[in-house]
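> As input, take model_5.cif (mmCIF, C-alpha atoms; chains and numbers go by the auth columns):
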data_structure
#
loop_
_atom_site.group_PDB
_atom_site.id
_atom_site.type_symbol
_atom_site.label_atom_id
_atom_site.label_comp_id
_atom_site.label_asym_id
_atom_site.label_seq_id
_atom_site.Cartn_x
_atom_site.Cartn_y
_atom_site.Cartn_z
_atom_site.B_iso_or_equiv
_atom_site.auth_seq_id
_atom_site.auth_asym_id
ATOM 1 C CA MET A 1 42.042 122.342 173.539 0.00 12 A
ATOM 2 C CA LYS A 2 38.489 121.187 174.238 0.00 13 A
ATOM 3 C CA LYS A 3 37.193 123.550 171.552 0.00 14 A
ATOM 4 C CA LEU A 4 39.521 122.022 168.933 0.00 15 A
ATOM 5 C CA ILE A 5 38.432 118.529 169.938 0.00 16 A
ATOM 6 C CA ASN A 6 34.780 119.584 169.639 0.00 17 A
ATOM 7 C CA ILE A 7 35.438 120.991 166.153 0.00 18 A
ATOM 8 C CA TYR A 8 37.207 117.773 165.123 0.00 19 A
ATOM 9 C CA TYR A 9 34.340 115.713 166.548 0.00 20 A
ATOM 10 C CA SER A 10 31.803 117.767 164.563 0.00 21 A
ATOM 11 C CA PHE A 11 33.944 117.300 161.449 0.00 22 A
ATOM 12 C CA LEU A 12 33.908 113.518 161.979 0.00 23 A
ATOM 13 C CA LYS A 13 30.116 113.540 162.233 0.00 24 A
ATOM 14 C CA ILE A 14 29.890 115.462 158.947 0.00 25 A
ATOM 15 C CA ILE A 15 32.311 113.016 157.275 0.00 26 A
ATOM 16 C CA LEU A 16 30.254 110.077 158.536 0.00 27 A
ATOM 17 C CA THR A 17 27.082 111.616 157.132 0.00 28 A
ATOM 18 C CA ILE A 18 28.756 112.199 153.759 0.00 29 A
ATOM 19 C CA LEU A 19 30.073 108.628 153.680 0.00 30 A
ATOM 20 C CA MET A 20 26.628 107.247 154.515 0.00 31 A
ATOM 21 C CA GLY A 21 25.171 109.240 151.640 0.00 32 A
ATOM 22 C CA LEU A 22 27.997 108.291 149.304 0.00 33 A
ATOM 23 C CA ILE A 23 27.657 104.547 149.877 0.00 34 A
ATOM 24 C CA ILE A 24 24.060 104.707 148.652 0.00 35 A
ATOM 25 C CA VAL A 25 25.220 105.502 145.089 0.00 36 A
ATOM 26 C CA PRO A 26 27.282 102.372 144.301 0.00 37 A
ATOM 27 C CA VAL A 27 24.972 100.053 146.211 0.00 38 A
ATOM 28 C CA THR A 28 21.928 101.416 144.374 0.00 39 A
ATOM 29 C CA MET A 29 23.751 101.036 141.061 0.00 40 A
ATOM 30 C CA GLN A 30 24.563 97.421 141.918 0.00 41 A
ATOM 31 C CA ILE A 31 20.964 96.645 142.796 0.00 42 A
ATOM 32 C CA PHE A 32 19.497 98.243 139.664 0.00 43 A
ATOM 33 C CA ALA A 33 22.119 96.579 137.452 0.00 44 A
ATOM 34 C CA ARG A 34 20.956 93.170 138.666 0.00 45 A
ATOM 35 C CA TYR A 35 17.307 93.712 137.799 0.00 46 A
ATOM 36 C CA VAL A 36 17.286 96.220 134.935 0.00 47 A
ATOM 37 C CA ASP A 37 18.955 95.419 131.620 0.00 48 A
ATOM 38 C CA PHE A 38 19.684 98.990 130.524 0.00 49 A
ATOM 39 C CA VAL A 39 21.858 99.778 133.587 0.00 50 A
ATOM 40 C CA PRO A 40 25.434 98.612 132.939 0.00 51 A
ATOM 41 C CA ARG A 41 27.070 96.305 135.472 0.00 52 A
ATOM 42 C CA TYR A 42 30.016 98.264 136.804 0.00 53 A
ATOM 43 C CA ILE A 43 32.567 96.311 138.790 0.00 54 A
ATOM 44 C CA TRP A 44 34.056 99.380 140.479 0.00 55 A
ATOM 45 C CA THR A 45 30.821 99.957 142.423 0.00 56 A
ATOM 46 C CA GLU A 46 31.508 96.948 144.646 0.00 57 A
ATOM 47 C CA GLU A 47 34.982 98.259 145.416 0.00 58 A
ATOM 48 C CA LEU A 48 33.764 101.775 146.167 0.00 59 A
ATOM 49 C CA ALA A 49 31.003 100.425 148.432 0.00 60 A
ATOM 50 C CA ARG A 50 33.557 98.314 150.316 0.00 61 A
ATOM 51 C CA PHE A 51 35.916 101.263 150.774 0.00 62 A
ATOM 52 C CA CYS A 52 33.074 103.491 152.006 0.00 63 A
ATOM 53 C CA PHE A 53 31.998 100.755 154.394 0.00 64 A
ATOM 54 C CA ILE A 54 35.516 100.506 155.878 0.00 65 A
ATOM 55 C CA TRP A 55 35.631 104.248 156.465 0.00 66 A
ATOM 56 C CA ILE A 56 32.085 104.293 157.870 0.00 67 A
ATOM 57 C CA ILE A 57 33.030 101.644 160.423 0.00 68 A
ATOM 58 C CA LEU A 58 36.233 103.372 161.502 0.00 69 A
ATOM 59 C CA VAL A 59 34.813 106.909 161.598 0.00 70 A
ATOM 60 C CA GLY A 60 31.867 105.515 163.552 0.00 71 A
ATOM 61 C CA ALA A 61 34.339 103.929 165.984 0.00 72 A
ATOM 62 C CA MET A 62 36.063 107.306 166.394 0.00 73 A
ATOM 63 C CA ILE A 63 32.745 109.000 167.151 0.00 74 A
ATOM 64 C CA ALA A 64 31.707 106.225 169.524 0.00 75 A
ATOM 65 C CA MET A 65 34.983 106.610 171.418 0.00 76 A
ATOM 66 C CA ARG A 66 34.328 110.299 171.998 0.00 77 A
ATOM 67 C CA LYS A 67 30.769 109.674 173.149 0.00 78 A
ATOM 68 C CA ASP A 68 31.960 106.778 175.324 0.00 79 A
ATOM 69 C CA GLU A 69 29.524 104.529 173.486 0.00 80 A
ATOM 70 C CA HIS A 70 32.077 102.125 172.097 0.00 81 A
ATOM 71 C CA PHE A 71 31.590 98.564 173.228 0.00 82 A
ATOM 72 C CA THR A 72 33.049 97.656 176.595 0.00 83 A
ATOM 73 C CA VAL A 73 33.181 94.506 178.635 0.00 84 A
ATOM 74 C CA ASP A 74 32.445 94.825 182.336 0.00 85 A
ATOM 75 C CA LEU A 75 34.928 92.476 183.918 0.00 86 A
ATOM 76 C CA LEU A 76 35.783 94.668 186.863 0.00 87 A
ATOM 77 C CA PRO A 77 33.451 94.804 189.850 0.00 88 A
ATOM 78 C CA THR A 78 31.303 97.910 190.220 0.00 89 A
ATOM 79 C CA GLN A 79 33.113 100.446 192.342 0.00 90 A
ATOM 80 C CA LYS A 80 31.346 102.220 195.176 0.00 91 A
ATOM 81 C CA THR A 81 33.620 105.250 195.568 0.00 92 A
ATOM 82 C CA ASN A 82 34.601 107.924 193.090 0.00 93 A
ATOM 83 C CA LYS A 83 38.257 106.986 193.482 0.00 94 A
ATOM 84 C CA GLY A 84 37.453 103.371 192.718 0.00 95 A
ATOM 85 C CA LYS A 85 35.351 104.379 189.703 0.00 96 A
ATOM 86 C CA ALA A 86 38.126 106.643 188.444 0.00 97 A
ATOM 87 C CA ILE A 87 40.763 103.920 188.801 0.00 98 A
ATOM 88 C CA SER A 88 38.502 101.416 187.069 0.00 99 A
ATOM 89 C CA LEU A 89 37.793 103.837 184.204 0.00 100 A
ATOM 90 C CA MET A 90 41.498 104.663 183.869 0.00 101 A
ATOM 91 C CA PHE A 91 42.336 100.969 183.648 0.00 102 A
ATOM 92 C CA VAL A 92 39.743 100.415 180.920 0.00 103 A
ATOM 93 C CA ASP A 93 40.915 103.495 179.039 0.00 104 A
ATOM 94 C CA SER A 94 44.541 102.359 179.309 0.00 105 A
ATOM 95 C CA MET A 95 43.566 99.083 177.611 0.00 106 A
ATOM 96 C CA THR A 96 41.783 101.090 174.914 0.00 107 A
ATOM 97 C CA PHE A 97 44.878 103.260 174.604 0.00 108 A
ATOM 98 C CA LEU A 98 46.921 100.096 174.043 0.00 109 A
ATOM 99 C CA MET A 99 44.551 99.106 171.225 0.00 110 A
ATOM 100 C CA ALA A 100 44.817 102.600 169.741 0.00 111 A
ATOM 101 C CA MET A 101 48.607 102.285 169.767 0.00 112 A
ATOM 102 C CA ILE A 102 48.314 98.971 167.924 0.00 113 A
ATOM 103 C CA PHE A 103 46.203 100.716 165.262 0.00 114 A
ATOM 104 C CA VAL A 104 48.850 103.438 164.907 0.00 115 A
ATOM 105 C CA VAL A 105 51.977 101.274 165.039 0.00 116 A
ATOM 106 C CA TRP A 106 50.747 98.470 162.776 0.00 117 A
ATOM 107 C CA GLY A 107 48.612 100.766 160.657 0.00 118 A
ATOM 108 C CA TRP A 108 51.503 102.961 159.580 0.00 119 A
ATOM 109 C CA PRO A 109 53.241 100.214 157.523 0.00 120 A
ATOM 110 C CA LEU A 110 49.900 99.750 155.753 0.00 121 A
ATOM 111 C CA VAL A 111 49.947 103.426 154.815 0.00 122 A
ATOM 112 C CA GLU A 112 53.488 103.119 153.471 0.00 123 A
ATOM 113 C CA PHE A 113 52.468 100.014 151.532 0.00 124 A
ATOM 114 C CA GLY A 114 49.398 101.851 150.241 0.00 125 A
ATOM 115 C CA LEU A 115 51.653 104.414 148.575 0.00 126 A
ATOM 116 C CA LEU A 116 52.774 101.663 146.218 0.00 127 A
ATOM 117 C CA GLN A 117 49.355 100.167 145.450 0.00 128 A
ATOM 118 C CA THR A 118 46.218 101.082 143.568 0.00 129 A
ATOM 119 C CA SER A 119 42.855 99.381 143.773 0.00 130 A
ATOM 120 C CA GLU A 120 42.096 96.920 140.992 0.00 131 A
ATOM 121 C CA MET A 121 38.862 98.315 139.595 0.00 132 A
ATOM 122 C CA ALA A 122 38.727 101.994 140.486 0.00 133 A
ATOM 123 C CA GLU A 123 42.503 102.557 140.148 0.00 134 A
ATOM 124 C CA MET A 124 42.342 104.491 143.416 0.00 135 A
ATOM 125 C CA PRO A 125 45.535 104.830 145.516 0.00 136 A
ATOM 126 C CA MET A 126 45.208 102.395 148.428 0.00 137 A
ATOM 127 C CA ILE A 127 46.722 104.911 150.830 0.00 138 A
ATOM 128 C CA PHE A 128 43.232 106.443 151.053 0.00 139 A
ATOM 129 C CA ILE A 129 41.948 103.169 152.479 0.00 140 A
ATOM 130 C CA TYR A 130 44.905 102.166 154.629 0.00 141 A
ATOM 131 C CA LEU A 131 45.141 105.621 156.212 0.00 142 A
ATOM 132 C CA ALA A 132 41.914 104.883 158.090 0.00 143 A
ATOM 133 C CA TRP A 133 43.611 102.607 160.637 0.00 144 A
ATOM 134 C CA PRO A 134 46.354 104.886 162.002 0.00 145 A
ATOM 135 C CA LEU A 135 43.976 107.856 161.822 0.00 146 A
ATOM 136 C CA THR A 136 41.507 105.915 163.946 0.00 147 A
ATOM 137 C CA GLY A 137 44.223 105.127 166.483 0.00 148 A
ATOM 138 C CA ILE A 138 45.381 108.753 166.655 0.00 149 A
ATOM 139 C CA THR A 139 41.801 109.961 167.058 0.00 150 A
ATOM 140 C CA TRP A 140 41.173 107.446 169.847 0.00 151 A
ATOM 141 C CA ILE A 141 44.301 108.693 171.626 0.00 152 A
ATOM 142 C CA ILE A 142 43.093 112.293 171.355 0.00 153 A
ATOM 143 C CA PHE A 143 39.654 111.428 172.706 0.00 154 A
ATOM 144 C CA LEU A 144 41.117 109.206 175.449 0.00 155 A
ATOM 145 C CA SER A 145 43.451 111.989 176.565 0.00 156 A
ATOM 146 C CA GLU A 146 40.415 114.223 176.941 0.00 157 A
ATOM 147 C CA ARG A 147 38.802 111.568 179.137 0.00 158 A
ATOM 148 C CA VAL A 148 41.853 111.271 181.398 0.00 159 A
ATOM 149 C CA PHE A 149 41.204 114.762 182.729 0.00 160 A
ATOM 150 C CA ASP A 150 37.620 113.806 183.579 0.00 161 A
ATOM 151 C CA HIS A 151 38.869 110.703 185.403 0.00 162 A
ATOM 152 C CA ILE A 152 41.382 112.775 187.378 0.00 163 A
ATOM 153 C CA LYS A 153 38.587 115.146 188.416 0.00 164 A
ATOM 154 C CA LEU A 154 36.491 112.146 189.470 0.00 165 A
ATOM 155 C CA TYR A 155 39.411 110.701 191.429 0.00 166 A
ATOM 156 C CA ARG A 156 39.958 113.976 193.285 0.00 167 A
ATOM 157 C CA SER A 157 36.279 114.491 194.046 0.00 168 A
ATOM 158 C CA VAL A 158 34.826 113.627 197.427 0.00 169 A
ATOM 159 C CA SER A 159 33.715 109.993 197.588 0.00 170 A
ATOM 160 C CA SER A 160 29.987 109.476 197.502 0.00 171 A
#
Once you've parsed the file, please lay out its structure as structure tokens.

Amino acid sequence: MKKLINIYYSFLKIILTILMGLIIVPVTMQIFARYVDFVPRYIWTEELARFCFIWIILVGAMIAMRKDEHFTVDLLPTQKTNKGKAISLMFVDSMTFLMAMIFVVWGWPLVEFGLLQTSEMAEMPMIFIYLAWPLTGITWIIFLSERVFDHIKLYRSVSS
């Protein structure tokens, strides 16, 4: 299972790299169109840049979740034992799991709604945009489930 998760994680990093390269095209076109008269002012470039930006943010959040680099707030006191650390980490991850479930449950109606819509300028089906939210939630759940096993190992380890 870990090997599949590693492959998926590598795939996400490749997708993020592609999206970062792709966003350069419409943004560059927008900039040149403002200052150079012979470059036409395309309206769809703003829409494409916005859609790329949404996906960049959410794919970046997926990657950050796997690397445990997503933002956290330290409200719980620092634990001195491995069991305490494991319980604290499990509590934090359970709150993140709750947020992931919100992304999945409330993101799915967006996907269904996106089947009926197209973007105004690029005439792109909106499902491609709205799919990002439940996919992010599902990915977080996968990466959090991987972490649970690490927390269980930490909980069972000898306190230090």
> Which residues fall under the PyMOL selection byres ((chain A and resi 112) around 10) in this file, as a list of chain:residue names?
A:Met106, A:Thr107, A:Phe108, A:Leu109, A:Met110, A:Ala111, A:Ile113, A:Phe114, A:Val115, A:Val116, A:Trp117, A:Gly118, A:Pro145, A:Thr147, A:Gly148, A:Ile149, A:Trp151, A:Ile152
> Return as a PyMOL selection string the set of residues that the PyMOL selection byres ((chain A and resi 121) around 12) yields on the displayed structure.
chain A and resi 114-120+122-128+137-146
> Interatomic distance between atom CA of A:Ile35 and atom CA of A:Met73?
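Separating atom CA of A:Ile35 from atom CA of A:Met73 is a distance of 21.6 Å.
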> What residues come out when you apply the PyMOL selection byres ((chain A and resi 33) around 12) to this file, written as a compact mmCIF listing (two decimals) with C-alpha atoms, in the coordinates of the input?

# COMPACT_ATOMS: atom_id res chain seq x y z
CA ILE A 26 32.31 113.02 157.28
CA LEU A 27 30.25 110.08 158.54
CA THR A 28 27.08 111.62 157.13
CA ILE A 29 28.76 112.20 153.76
CA LEU A 30 30.07 108.63 153.68
CA MET A 31 26.63 107.25 154.51
CA GLY A 32 25.17 109.24 151.64
CA ILE A 34 27.66 104.55 149.88
CA ILE A 35 24.06 104.71 148.65
CA VAL A 36 25.22 105.50 145.09
CA PRO A 37 27.28 102.37 144.30
CA VAL A 38 24.97 100.05 146.21
CA THR A 39 21.93 101.42 144.37
CA MET A 40 23.75 101.04 141.06
CA THR A 56 30.82 99.96 142.42
CA LEU A 59 33.76 101.78 146.17
CA ALA A 60 31.00 100.42 148.43
CA ARG A 61 33.56 98.31 150.32
CA PHE A 62 35.92 101.26 150.77
CA CYS A 63 33.07 103.49 152.01
CA PHE A 64 32.00 100.76 154.39
CA TRP A 66 35.63 104.25 156.46
CA ILE A 67 32.08 104.29 157.87
> Calculated over only C-alpha atoms, which of the candidates A:Glu131, A:Asp104, A:Glu157, A:Asp85 has the smallest distance to A:Glu58?
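So, comparing all the options, the nearest one is A:Glu131.
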> Hey, can you check how far atom CA of A:Phe102 sits from atom CA of A:Arg77?
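Atom CA of A:Arg77 lies 16.9 Å from atom CA of A:Phe102.
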> Please, what distance in Å, to one decimal, runs between atom CA of A:Ile163 and atom CA of A:Ile98?
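Between these atoms lies a distance of 9.0 Å.
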> Set up a box along x, y and z of the file covering all listed atoms of stretch 49-54 of chain A, add 3 Å on every one of the six sides, and write the centre and edge lengths in Å to one decimal, as AutoDock Vina command-line options.

--center_x 26.1 --center_y 98.0 --center_z 134.7 --size_x 18.9 --size_y 9.5 --size_z 14.3
> List the neighbours of A:Lys13 out to 12 Å using all atoms listed in the file; skip same-chain residues closer than 3 positions along the sequence, and give me the result as a ChimeraX atom specification.
/A:16-20,77,153-154,156-158,160-161
> Need to verify the contact set: A:Ser99, 8 Å, only C-alpha atoms, exclusion of same-chain residues closer than 4 positions in sequence. Can you return it as a VMD selection string?
chain A and resid 87 90 95 103
> Using all atoms listed in the file, which residue out of A:Leu155, A:Met132, A:Leu86, A:Ile42 lies closest to A:Ile74?
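Comparing A:Leu155, A:Met132, A:Leu86, A:Ile42 against A:Ile74, the winner is A:Leu155.
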> Check the smallest atom-to-atom distance from each of A:Thr129, A:Ser21, A:Ser105, A:Thr92 to A:Ser168 using all atoms listed in the file, then report the winner.
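Checking each candidate against A:Ser168, we get A:Thr92 as the closest.
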